[in-house]
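> Input final.cif, format and content: mmCIF, C-alpha atoms and all ligand atoms.
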```cif
data_final
loop_
_atom_site.label_atom_id
_atom_site.label_comp_id
_atom_site.auth_asym_id
_atom_site.auth_seq_id
_atom_site.Cartn_x
_atom_site.Cartn_y
_atom_site.Cartn_z
CA MET A 852 46.54 63.86 131.49
CA ILE A 853 49.38 66.21 132.49
CA GLU A 854 50.93 65.08 135.76
CA LYS A 855 51.58 67.76 138.35
CA ASP A 856 55.25 68.03 139.27
CA ASP A 857 55.34 68.17 143.06
CA SER A 858 59.10 68.08 143.39
CA ARG A 859 60.95 70.81 145.29
CA THR A 860 64.65 71.48 145.77
CA MET A 861 66.90 72.08 148.75
CA ILE A 862 70.66 72.35 149.30
CA LEU A 863 72.21 69.33 150.96
CA ASP A 864 75.91 69.62 151.81
CA GLY A 865 76.29 72.23 149.08
CA VAL A 866 74.49 70.22 146.39
CA GLU A 867 71.00 70.99 145.07
CA VAL A 868 68.73 67.95 145.50
CA SER A 869 65.06 67.31 144.77
CA PHE A 870 62.49 66.13 147.24
CA THR A 871 58.77 65.49 147.43
CA PRO A 872 56.74 67.50 149.95
CA GLY A 873 56.29 65.43 153.10
CA GLU A 874 59.73 63.87 153.03
CA THR A 875 62.00 64.41 156.01
CA ILE A 876 65.56 65.71 155.75
CA TYR A 877 66.78 62.21 156.60
CA GLU A 878 64.75 60.61 153.81
CA VAL A 879 66.15 63.09 151.30
CA ALA A 880 69.71 62.70 152.60
CA SER A 881 69.56 58.91 152.56
CA ARG A 882 69.42 59.05 148.75
CA SER A 883 72.79 60.80 148.59
CA PRO A 884 76.30 59.60 149.49
CA GLY A 885 77.35 60.21 153.10
CA GLU A 886 75.34 58.61 155.78
CA ILE A 887 73.56 60.32 158.65
CA PRO A 888 73.86 58.02 161.68
CA THR A 889 70.68 56.89 163.43
CA LEU A 890 69.77 54.73 166.39
CA CYS A 891 66.05 55.09 167.02
CA TYR A 892 65.17 55.18 163.31
CA ASP A 893 63.62 52.26 161.42
CA LYS A 894 62.30 53.31 158.05
CA ARG A 895 59.20 51.14 158.47
CA LEU A 896 58.14 53.03 161.61
CA ASP A 897 56.74 56.46 162.35
CA PRO A 898 59.56 58.94 163.09
CA PHE A 899 60.31 59.07 166.81
CA GLY A 900 63.14 61.55 167.32
CA GLY A 901 64.43 60.00 170.54
CA CYS A 902 68.16 59.43 170.17
CA ARG A 903 69.22 62.79 168.60
CA LEU A 904 72.06 61.09 166.74
CA CYS A 905 70.73 62.16 163.36
CA VAL A 906 70.92 65.90 164.07
CA VAL A 907 71.99 68.22 161.23
CA GLU A 908 72.61 71.93 160.87
CA VAL A 909 70.03 73.99 159.02
CA GLU A 910 71.03 77.45 157.80
CA GLY A 911 69.23 80.12 159.81
CA VAL A 912 68.16 77.71 162.60
CA ARG A 913 69.99 78.25 165.87
CA ASN A 914 70.17 74.68 167.18
CA PRO A 915 70.73 71.44 165.26
CA VAL A 916 67.53 69.62 164.34
CA ALA A 917 66.73 65.89 164.23
CA SER A 918 66.75 65.03 160.54
CA CYS A 919 64.46 62.03 160.98
CA THR A 920 61.56 64.15 162.22
CA THR A 921 62.14 67.47 160.43
CA PRO A 922 60.38 67.89 157.07
CA ALA A 923 62.44 69.11 154.14
CA SER A 924 61.33 72.50 152.81
CA GLU A 925 61.91 74.50 149.67
CA GLY A 926 65.28 76.27 149.61
CA MET A 927 66.41 74.78 152.93
CA GLU A 928 70.22 74.57 153.32
CA VAL A 929 71.35 71.56 155.34
CA ARG A 930 74.79 70.43 156.51
CA THR A 931 74.83 66.78 157.57
CA SER A 932 78.40 66.59 158.82
CA THR A 933 80.38 69.42 160.40
CA GLU A 934 83.01 69.45 163.12
CA ALA A 935 80.43 70.48 165.71
CA ILE A 936 77.84 67.94 164.57
CA ASP A 937 80.34 65.09 164.48
CA GLU A 938 81.59 66.03 167.95
CA HIS A 939 77.99 66.06 169.21
CA ARG A 940 77.49 62.56 167.77
CA ARG A 941 80.72 61.23 169.27
CA ILE A 942 79.91 62.52 172.76
CA LEU A 943 76.39 61.20 172.52
CA LEU A 944 77.71 57.77 171.55
CA GLU A 945 80.26 57.90 174.38
CA LEU A 946 77.39 58.53 176.79
CA VAL A 947 75.29 55.73 175.32
CA ALA A 948 78.26 53.36 175.46
CA SER A 949 78.94 54.30 179.08
CA GLU A 950 75.46 53.08 180.07
CA ASN A 951 75.73 49.82 178.19
CA ARG A 952 77.17 46.67 179.77
CA GLN A 953 78.41 45.23 176.47
CA ILE A 954 78.87 46.96 173.12
CA ASP A 955 80.07 43.95 171.14
CA VAL A 956 77.46 41.25 170.63
CA ASP A 957 77.39 38.29 168.27
CA PRO A 958 75.59 39.13 164.99
CA LEU A 959 73.41 36.06 165.50
CA ARG A 960 71.48 38.02 168.12
CA GLY A 961 69.51 39.80 165.41
CA TYR A 962 69.43 41.62 162.09
CA ALA A 963 70.15 45.10 163.51
CA SER A 964 72.24 43.97 166.48
CA GLN A 965 75.49 45.46 165.13
CA GLU A 966 74.19 49.02 164.65
CA LEU A 967 75.42 50.43 167.97
CA THR A 968 78.76 48.62 167.68
CA GLU A 969 79.36 49.97 164.19
CA LEU A 970 78.48 53.55 165.19
CA VAL A 971 80.63 53.48 168.31
CA ASP A 972 83.56 52.36 166.17
CA ARG A 973 82.82 54.81 163.34
CA TYR A 974 82.86 57.76 165.77
CA GLU A 975 85.70 56.31 167.90
CA ALA A 976 83.50 56.54 170.96
CA ARG A 977 85.07 53.75 173.04
CA THR A 978 86.90 56.28 175.15
CA GLY A 979 85.65 55.23 178.58
CA ARG A 980 85.58 58.93 179.55
CA PHE A 981 82.19 58.66 181.24
CA GLU A 982 80.86 56.31 183.83
CA GLY A 983 77.16 56.19 183.19
CA ALA A 984 74.66 54.61 185.51
CA ARG A 985 73.14 51.48 183.99
CA SER A 986 69.51 51.50 183.04
CA GLY A 987 67.34 48.48 182.38
CA SER A 988 67.55 45.11 184.05
CA SER A 989 67.60 41.85 182.16
CA ARG A 990 64.74 39.41 182.47
CA THR A 991 66.67 36.24 183.08
CA ASP A 992 63.49 34.70 184.48
CA ASP A 993 61.76 34.76 181.09
CA ASP A 994 62.39 31.21 179.92
CA ASN A 995 60.63 31.40 176.56
CA PRO A 996 62.64 29.49 173.93
CA PHE A 997 62.74 32.26 171.33
CA ILE A 998 63.54 35.73 172.68
CA LEU A 999 66.38 36.77 174.99
CA ARG A 1000 65.52 39.89 177.03
CA ASP A 1001 68.93 41.25 178.00
CA TYR A 1002 67.86 44.77 178.97
CA ASP A 1003 71.26 45.65 180.46
CA LEU A 1004 72.05 46.35 176.81
CA CYS A 1005 68.92 48.45 176.21
CA ILE A 1006 69.37 52.06 175.13
CA SER A 1007 65.66 52.96 175.22
CA CYS A 1008 65.29 53.57 171.50
CA TYR A 1009 61.79 52.04 171.71
CA ARG A 1010 62.10 50.46 168.27
CA CYS A 1011 60.87 47.17 169.72
CA VAL A 1012 57.77 48.77 171.25
CA ARG A 1013 57.01 50.67 168.07
CA VAL A 1014 57.50 47.72 165.72
CA CYS A 1015 55.27 45.58 167.92
CA ALA A 1016 52.51 48.21 167.82
CA GLU A 1017 52.88 49.57 164.30
CA GLU A 1018 53.93 46.51 162.30
CA GLU A 1019 52.57 43.58 164.29
CA GLY A 1020 49.56 45.52 165.65
CA ASP A 1021 50.08 43.69 168.90
CA HIS A 1022 51.05 46.16 171.69
CA ALA A 1023 52.47 43.17 173.61
CA ILE A 1024 55.32 45.26 175.04
CA ASN A 1025 55.61 48.84 176.24
CA VAL A 1026 57.74 51.20 178.29
CA LEU A 1027 57.68 50.89 182.05
CA ASN A 1028 58.90 53.74 184.30
CA ARG A 1029 61.04 56.68 183.19
CA GLY A 1030 64.67 57.86 183.30
CA PHE A 1031 67.16 55.32 184.61
CA GLU A 1032 64.25 53.16 185.77
CA THR A 1033 63.04 52.79 182.17
CA ARG A 1034 62.41 49.21 181.14
CA ILE A 1035 60.71 47.50 178.27
CA SER A 1036 58.09 45.18 179.65
CA THR A 1037 54.81 43.41 179.08
CA GLU A 1038 51.42 44.10 180.58
CA PHE A 1039 51.62 43.28 184.31
CA ASP A 1040 55.42 43.05 183.89
CA GLY A 1041 55.21 39.30 183.31
CA SER A 1042 56.88 36.93 180.87
CA LEU A 1043 56.37 37.13 177.13
CA LYS A 1044 54.59 33.76 177.19
CA ASP A 1045 51.92 35.27 179.47
CA SER A 1046 51.53 38.37 177.30
CA ASP A 1047 49.88 39.00 173.93
CA CYS A 1048 53.23 38.34 172.22
CA THR A 1049 52.92 36.21 169.08
CA PHE A 1050 56.69 35.60 168.97
CA CYS A 1051 56.92 37.10 165.51
CA GLY A 1052 60.49 38.18 166.35
CA GLN A 1053 60.20 41.66 164.84
CA CYS A 1054 61.30 43.35 168.07
CA VAL A 1055 64.42 41.16 168.07
CA GLN A 1056 65.30 41.99 164.49
CA THR A 1057 64.98 45.77 164.90
CA CYS A 1058 66.89 46.03 168.20
CA PRO A 1059 70.12 47.97 167.47
CA THR A 1060 72.07 46.65 170.47
CA GLY A 1061 71.26 42.96 170.84
CA ALA A 1062 69.33 43.66 174.06
CA LEU A 1063 66.71 41.48 172.44
CA GLY A 1064 68.25 38.35 170.96
CA ASP A 1065 67.20 35.40 168.82
CA ARG A 1066 67.69 32.58 171.32
CA LYS A 1067 67.55 29.86 168.67
CA ALA A 1068 70.27 31.42 166.51
CA MET A 1069 72.30 32.25 169.62
CA ARG A 1070 72.80 28.51 170.23
CA TYR A 1071 75.52 28.78 167.58
CA GLU A 1072 77.23 31.94 168.88
CA GLY A 1073 80.99 31.94 168.85
CA GLU A 1074 81.37 28.91 166.59
CA PRO A 1075 84.11 29.19 163.93
CA GLY A 1076 83.33 29.67 160.24
CA ASN A 1077 81.56 32.26 158.14
CA ILE A 1078 77.84 32.81 158.14
CA GLU A 1079 76.28 32.65 154.70
CA LYS A 1080 72.88 34.08 153.86
CA THR A 1081 70.55 32.63 151.22
CA ARG A 1082 67.32 34.38 150.18
CA PRO A 1083 64.36 32.01 149.61
CA ILE A 1084 60.62 32.55 150.09
CA CYS A 1085 59.31 31.24 153.42
CA PRO A 1086 57.88 27.76 152.77
CA TYR A 1087 54.89 28.05 155.09
CA CYS A 1088 51.71 29.95 154.05
CA GLY A 1089 50.79 31.65 150.79
CA VAL A 1090 51.87 35.21 151.71
CA GLY A 1091 55.33 34.74 150.21
CA CYS A 1092 57.57 36.45 152.78
CA SER A 1093 61.24 36.72 151.83
CA ILE A 1094 63.67 35.38 154.40
CA ASP A 1095 67.42 35.21 154.75
CA VAL A 1096 68.42 31.72 155.84
CA MET A 1097 71.72 31.79 157.72
CA THR A 1098 73.98 28.78 157.32
CA ARG A 1099 77.39 27.80 158.55
CA ASP A 1100 79.06 24.72 157.06
CA ASP A 1101 75.82 23.78 155.27
CA ARG A 1102 73.84 23.78 158.53
CA ILE A 1103 70.94 26.17 159.12
CA ILE A 1104 71.67 28.25 162.19
CA GLY A 1105 68.96 30.89 161.96
CA VAL A 1106 66.54 32.92 159.91
CA GLN A 1107 66.31 36.68 159.54
CA PRO A 1108 63.54 38.55 157.74
CA ALA A 1109 64.38 40.26 154.45
CA MET A 1110 63.91 43.96 155.15
CA ASP A 1111 63.43 44.54 151.40
CA GLY A 1112 61.17 41.52 150.84
CA PRO A 1113 58.29 42.87 148.73
CA ALA A 1114 55.60 40.87 150.55
CA ASN A 1115 56.80 41.39 154.11
CA LEU A 1116 59.29 44.30 154.41
CA GLY A 1117 60.98 42.69 157.38
CA ALA A 1118 57.90 41.19 158.99
CA LEU A 1119 57.58 37.48 159.75
CA CYS A 1120 55.36 35.29 161.89
CA ILE A 1121 56.56 32.80 164.49
CA LYS A 1122 56.74 29.98 161.93
CA GLY A 1123 58.82 31.82 159.36
CA GLN A 1124 61.06 33.27 162.05
CA PHE A 1125 61.64 30.32 164.33
CA ALA A 1126 60.18 27.05 162.96
CA TYR A 1127 62.95 25.91 160.65
CA ASP A 1128 64.26 22.89 162.58
CA PHE A 1129 62.19 20.56 160.41
CA VAL A 1130 64.51 21.17 157.45
CA GLN A 1131 67.40 19.19 158.92
CA HIS A 1132 65.46 17.14 161.46
CA PRO A 1133 66.58 13.48 161.54
CA ASP A 1134 62.93 12.34 161.54
CA ARG A 1135 62.14 14.23 158.34
CA LEU A 1136 60.79 11.95 155.61
CA SER A 1137 63.13 11.70 152.67
CA THR A 1138 61.35 8.93 150.77
CA PRO A 1139 57.68 7.82 150.45
CA LEU A 1140 56.40 5.22 152.92
CA ILE A 1141 53.70 2.63 152.16
CA ARG A 1142 51.88 0.60 154.81
CA GLY A 1143 52.42 -3.07 154.06
CA GLU A 1144 50.37 -6.20 154.78
CA ASP A 1145 52.17 -6.40 158.12
CA GLY A 1146 50.67 -3.04 159.15
CA GLU A 1147 54.07 -1.34 159.19
CA LEU A 1148 55.33 1.53 157.02
CA HIS A 1149 57.97 0.60 154.44
CA GLU A 1150 60.11 2.75 152.18
CA ALA A 1151 58.86 2.84 148.58
CA THR A 1152 59.56 4.54 145.27
CA TRP A 1153 57.44 7.50 144.15
CA ASP A 1154 55.86 5.31 141.42
CA GLU A 1155 54.81 2.73 144.00
CA ALA A 1156 53.41 5.41 146.31
CA LEU A 1157 51.47 7.16 143.54
CA ASP A 1158 50.06 3.84 142.30
CA ARG A 1159 48.89 3.06 145.84
CA ALA A 1160 47.25 6.50 146.20
CA ALA A 1161 45.52 6.14 142.80
CA ALA A 1162 44.18 2.74 143.80
CA GLY A 1163 42.79 4.23 147.02
CA PHE A 1164 41.05 7.07 145.15
CA LYS A 1165 39.61 4.60 142.63
CA GLU A 1166 38.21 2.42 145.36
CA ALA A 1167 36.62 5.42 147.12
CA LEU A 1168 35.02 6.60 143.86
CA GLU A 1169 33.59 3.17 143.07
CA LYS A 1170 32.23 2.61 146.54
CA HIS A 1171 31.07 6.13 147.54
CA GLY A 1172 30.96 8.32 144.41
CA ALA A 1173 32.64 11.64 143.51
CA GLU A 1174 31.33 13.42 146.59
CA SER A 1175 33.56 11.26 148.75
CA VAL A 1176 36.61 13.15 147.42
CA TYR A 1177 37.66 16.56 148.76
CA GLY A 1178 40.85 18.34 147.74
CA VAL A 1179 42.77 20.94 149.73
CA ALA A 1180 45.74 22.49 147.91
CA SER A 1181 48.69 23.58 149.99
CA GLY A 1182 49.42 27.25 150.53
CA ARG A 1183 53.08 26.35 150.13
CA ALA A 1184 52.52 25.39 146.49
CA PRO A 1185 52.93 27.86 143.61
CA ASN A 1186 49.97 29.04 141.51
CA GLU A 1187 50.69 26.51 138.77
CA ALA A 1188 50.46 23.62 141.23
CA ALA A 1189 47.24 25.05 142.73
CA TYR A 1190 45.74 25.28 139.24
CA THR A 1191 46.74 21.69 138.48
CA MET A 1192 45.24 20.56 141.78
CA GLN A 1193 41.82 22.07 141.03
CA LYS A 1194 41.89 20.50 137.55
CA PHE A 1195 42.81 17.18 139.12
CA ILE A 1196 39.82 17.33 141.48
CA ARG A 1197 37.27 18.89 139.10
CA ALA A 1198 38.14 17.13 135.85
CA GLY A 1199 39.66 14.00 137.37
CA PHE A 1200 37.01 13.18 139.96
CA GLY A 1201 34.03 15.23 138.74
CA THR A 1202 33.49 17.19 141.96
CA ASN A 1203 33.88 20.87 142.84
CA GLN A 1204 35.00 20.05 146.36
CA ILE A 1205 38.34 21.81 146.07
CA ASP A 1206 39.85 24.39 148.40
CA ASN A 1207 43.17 26.01 149.26
CA CYS A 1208 44.62 26.82 152.65
CA SER A 1209 46.15 30.17 151.55
CA ARG A 1210 43.95 32.36 153.67
CA ALA A 1211 46.63 33.98 155.81
S1 LIG A 1301 57.85 38.99 169.20
FE1 LIG A 1301 56.41 40.22 167.96
S2 LIG A 1301 54.51 40.23 169.18
FE2 LIG A 1301 56.16 39.58 170.57
S3 LIG A 1301 56.84 41.48 171.58
FE3 LIG A 1301 58.18 41.14 169.77
S4 LIG A 1301 57.18 42.34 168.11
FE4 LIG A 1301 55.66 42.08 169.75
S1 LIG A 1302 65.24 46.47 173.78
FE1 LIG A 1302 66.42 47.08 171.96
S2 LIG A 1302 64.88 47.90 170.54
FE2 LIG A 1302 63.93 47.83 172.55
S3 LIG A 1302 64.25 49.87 173.41
FE3 LIG A 1302 65.94 48.57 174.14
S4 LIG A 1302 67.58 48.87 172.65
FE4 LIG A 1302 65.70 49.65 171.70
S1 LIG A 1303 67.40 58.69 164.46
FE1 LIG A 1303 66.64 60.70 164.51
S2 LIG A 1303 66.45 61.11 166.61
FE2 LIG A 1303 67.05 59.02 166.56
#
```
For the structure just supplied, provide its representation as structure tokens.
Ligand code: SF4
Ligand code: SF4
Ligand code: FES

Amino acid sequence: MIEKDDSRTMILDGVEVSFTPGETIYEVASRSPGEIPTLCYDKRLDPFGGCRLCVVEVEGVRNPVASCTTPASEGMEVRTSTEAIDEHRRILLELVASENRQIDVDPLRGYASQELTELVDRYEARTGRFEGARSGSSRTDDDNPFILRDYDLCISCYRCVRVCAEEEGDHAINVLNRGFETRISTEFDGSLKDSDCTFCGQCVQTCPTGALGDRKAMRYEGEPGNIEKTRPICPYCGVGCSIDVMTRDDRIIGVQPAMDGPANLGALCIKGQFAYDFVQHPDRLSTPLIRGEDGELHEATWDEALDRAAAGFKEALEKHGAESVYGVASGRAPNEAAYTMQKFIRAGFGTNQIDNCSRA
């Protein structure tokens, strides 16, 4: 079969580039060197066009257009960085900065928390020329253990609201009021615990200012030493989400979702995002325990523990038959282990009572 070539071309900063119909100018430009700045953009979400930082000049169009919402078209000539456009971006960032209580936040607040800081520095917008009124008021009364709601730092990009609706399908948060009264809030303006929030943390990780912060990771803010990131698969269910485990001096201080993780593209659930304390918990078992004649648990070797388990299975089979055995394989285990488990139950005990908890 002959494939139809749908590609078109346009001129981007003087260079002819190809695009596929339906792509926006920003999507085309993001494949080339030179970066168009964005604040309300998250490539996982529907284009919003709220911040106007991504504006570009299009030949023949009188005013600059938002590149994140404008489709590329055949023959279009686009300039992504000119004196006028860069000045527009700098003033816009000066205005945003003037409304924000604190531009510099610790990177432990969240994955995207440095975006505003980096843009303000890139465009040298810390001029203090404007004195903007502050919008948003922080919810210091929300005592949930996971998410800081520091709305004094909110710039109304609505990425949190959109990720909650579009990625989590939750609609736990939305926009309250308009203009300087704008606030991100829950239904009935209550706490997150009393809302439909699942504490997946996606709003935290997409927030470009740190207005939403990862309270657990923030326990380690300001400590000396570099943060290292290691990329494992989340150990909980069978979905296989990629995570970036943050460590400092060999201690886990937080988890961030892998935005390029093939199974999750930046999404996590509450367990993958926040439930990692077990890894270094002092009560975590590090050796098998066997209950002795005295009724107490005692440390044992793996051989001793496996022998004890085998004896228990044997006794159950002799007394109650194969139907007394039921196997449930863990969703944390790889396919090979799941296969071995069903063999163990079917061939070893002669029953088909085998299941797996990977039904996320
Ligand atoms: S934690 Fe998840 S469910 Fe809760 S508000 Fe944020 S995105 Fe929505
Ligand atoms: S809380 Fe963060 S993500 Fe949400 S609108 Fe404000 S700045 Fe944007
Ligand atoms: S990134 Fe395009 S308008 Fe905000």
> Out of A:Arg990, A:Arg952, A:Arg1183, A:Arg980, which residue has the shortest atom-to-atom distance to Ser1209 (chain A) when counting only C-alpha atoms?
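Comparing A:Arg990, A:Arg952, A:Arg1183, A:Arg980 against Ser1209 (chain A), the winner is A:Arg1183.
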> Which one of A:Thr1037, A:Ser932, A:Asn1077, A:Thr968 sits closest to ligand LIG 1301 (chain A) if you count all atoms listed in the file?
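Of A:Thr1037, A:Ser932, A:Asn1077, A:Thr968, the one nearest ligand LIG 1301 (chain A) is A:Thr1037, counting all atoms listed in the file.
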> Between A:Arg1010, A:His939, A:Arg903, A:Arg985, single out the one closest to ligand LIG 1302 (chain A), counting only C-alpha atoms and all ligand atoms.
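Nearest candidate to ligand LIG 1302 (chain A) out of A:Arg1010, A:His939, A:Arg903, A:Arg985: A:Arg1010.
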> Skipping near chain neighbours, those fewer than 4 positions away, what residues fall within 10 Å of region 991-1008 of chain A using only C-alpha atoms, listed as a ChimeraX atom specification?
/A:890-892,899-902,947-948,950-954,956,960,967,985-987,1012-1013,1026,1029-1031,1033-1036,1041-1045,1050-1052,1054-1055,1058-1069,1121,1124-1125
> Print the selection's residues with C-alpha atoms to a file, as a compact mmCIF listing (two decimals), in the coordinates of the input.

```
# COMPACT_ATOMS: atom_id res chain seq x y z
CA LEU A 890 69.77 54.73 166.39
CA CYS A 891 66.05 55.09 167.02
CA TYR A 892 65.17 55.18 163.31
CA PHE A 899 60.31 59.07 166.81
CA GLY A 900 63.14 61.55 167.32
CA GLY A 901 64.43 60.00 170.54
CA CYS A 902 68.16 59.43 170.17
CA VAL A 947 75.29 55.73 175.32
CA ALA A 948 78.26 53.36 175.46
CA GLU A 950 75.46 53.08 180.07
CA ASN A 951 75.73 49.82 178.19
CA ARG A 952 77.17 46.67 179.77
CA GLN A 953 78.41 45.23 176.47
CA ILE A 954 78.87 46.96 173.12
CA VAL A 956 77.46 41.25 170.63
CA ARG A 960 71.48 38.02 168.12
CA LEU A 967 75.42 50.43 167.97
CA ARG A 985 73.14 51.48 183.99
CA SER A 986 69.51 51.50 183.04
CA GLY A 987 67.34 48.48 182.38
CA VAL A 1012 57.77 48.77 171.25
CA ARG A 1013 57.01 50.67 168.07
CA VAL A 1026 57.74 51.20 178.29
CA ARG A 1029 61.04 56.68 183.19
CA GLY A 1030 64.67 57.86 183.30
CA PHE A 1031 67.16 55.32 184.61
CA THR A 1033 63.04 52.79 182.17
CA ARG A 1034 62.41 49.21 181.14
CA ILE A 1035 60.71 47.50 178.27
CA SER A 1036 58.09 45.18 179.65
CA GLY A 1041 55.21 39.30 183.31
CA SER A 1042 56.88 36.93 180.87
CA LEU A 1043 56.37 37.13 177.13
CA LYS A 1044 54.59 33.76 177.19
CA ASP A 1045 51.92 35.27 179.47
CA PHE A 1050 56.69 35.60 168.97
CA CYS A 1051 56.92 37.10 165.51
CA GLY A 1052 60.49 38.18 166.35
CA CYS A 1054 61.30 43.35 168.07
CA VAL A 1055 64.42 41.16 168.07
CA CYS A 1058 66.89 46.03 168.20
CA PRO A 1059 70.12 47.97 167.47
CA THR A 1060 72.07 46.65 170.47
CA GLY A 1061 71.26 42.96 170.84
CA ALA A 1062 69.33 43.66 174.06
CA LEU A 1063 66.71 41.48 172.44
CA GLY A 1064 68.25 38.35 170.96
CA ASP A 1065 67.20 35.40 168.82
CA ARG A 1066 67.69 32.58 171.32
CA LYS A 1067 67.55 29.86 168.67
CA ALA A 1068 70.27 31.42 166.51
CA MET A 1069 72.30 32.25 169.62
CA ILE A 1121 56.56 32.80 164.49
CA GLN A 1124 61.06 33.27 162.05
CA PHE A 1125 61.64 30.32 164.33
```
> Neighbours of Phe1200 (chain A) within 9 Å (all atoms listed in the file; same-chain residues fewer than 3 positions away dropped), as a PyMOL selection string?
chain A and resi 1164+1168+1172-1174+1176+1195-1197+1203
> State, in Å with one decimal place, the distance from CA of Leu1136 (chain A) to CA of Ala1184 (chain A).
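Taking CA of Leu1136 (chain A) and CA of Ala1184 (chain A), their separation equals 18.2 Å.
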> Compile the contact shell of Leu863 (chain A) as an mmCIF file with C-alpha atoms, keeping the file's coordinate frame: residues with an atom at most 10 Å away, counting only C-alpha atoms, same-chain residues fewer than 5 positions apart removed.

```cif
data_model
loop_
_atom_site.group_PDB
_atom_site.id
_atom_site.type_symbol
_atom_site.label_atom_id
_atom_site.label_comp_id
_atom_site.auth_asym_id
_atom_site.auth_seq_id
_atom_site.Cartn_x
_atom_site.Cartn_y
_atom_site.Cartn_z
ATOM 1 C CA VAL A 868 68.730 67.950 145.500
ATOM 2 C CA SER A 869 65.060 67.310 144.770
ATOM 3 C CA ILE A 876 65.560 65.710 155.750
ATOM 4 C CA VAL A 879 66.150 63.090 151.300
ATOM 5 C CA ALA A 880 69.710 62.700 152.600
ATOM 6 C CA SER A 883 72.790 60.800 148.590
ATOM 7 C CA VAL A 909 70.030 73.990 159.020
ATOM 8 C CA GLY A 926 65.280 76.270 149.610
ATOM 9 C CA MET A 927 66.410 74.780 152.930
ATOM 10 C CA GLU A 928 70.220 74.570 153.320
ATOM 11 C CA VAL A 929 71.350 71.560 155.340
ATOM 12 C CA ARG A 930 74.790 70.430 156.510
ATOM 13 C CA THR A 931 74.830 66.780 157.570
#
```
> Nearest to ligand LIG 1302 (chain A): which of A:Ile936, A:Ser858, A:Ala923, A:Tyr1009 is it, counting all atoms listed in the file?
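That would be A:Tyr1009, the residue with the smallest distance to ligand LIG 1302 (chain A).
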> Enter the distance from CA of Gln1107 (chain A) to atom S1 of ligand LIG 1301 (chain A), in Å, rounded to one decimal.
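Atom-to-atom, CA of Gln1107 (chain A) to atom S1 of ligand LIG 1301 (chain A), that is 13.0 Å.
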> Rank nothing, just name the residue among A:Phe1129, A:Tyr1087, A:Tyr877, A:Trp1153 nearest to Thr889 (chain A), using only C-alpha atoms.
A:Tyr877
> Taking only C-alpha atoms and all ligand atoms into account, which of A:Leu904, A:Leu943, A:Cys1011, A:Ala935 comes nearest ligand LIG 1302 (chain A)?
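Among A:Leu904, A:Leu943, A:Cys1011, A:Ala935, it is A:Cys1011 that comes nearest to ligand LIG 1302 (chain A).
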> What's the separation between CA of Ile1078 (chain A) and CA of His1132 (chain A), in Å to one decimal place?
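Answer for the CA of Ile1078 (chain A) to CA of His1132 (chain A) separation: 20.2 Å.
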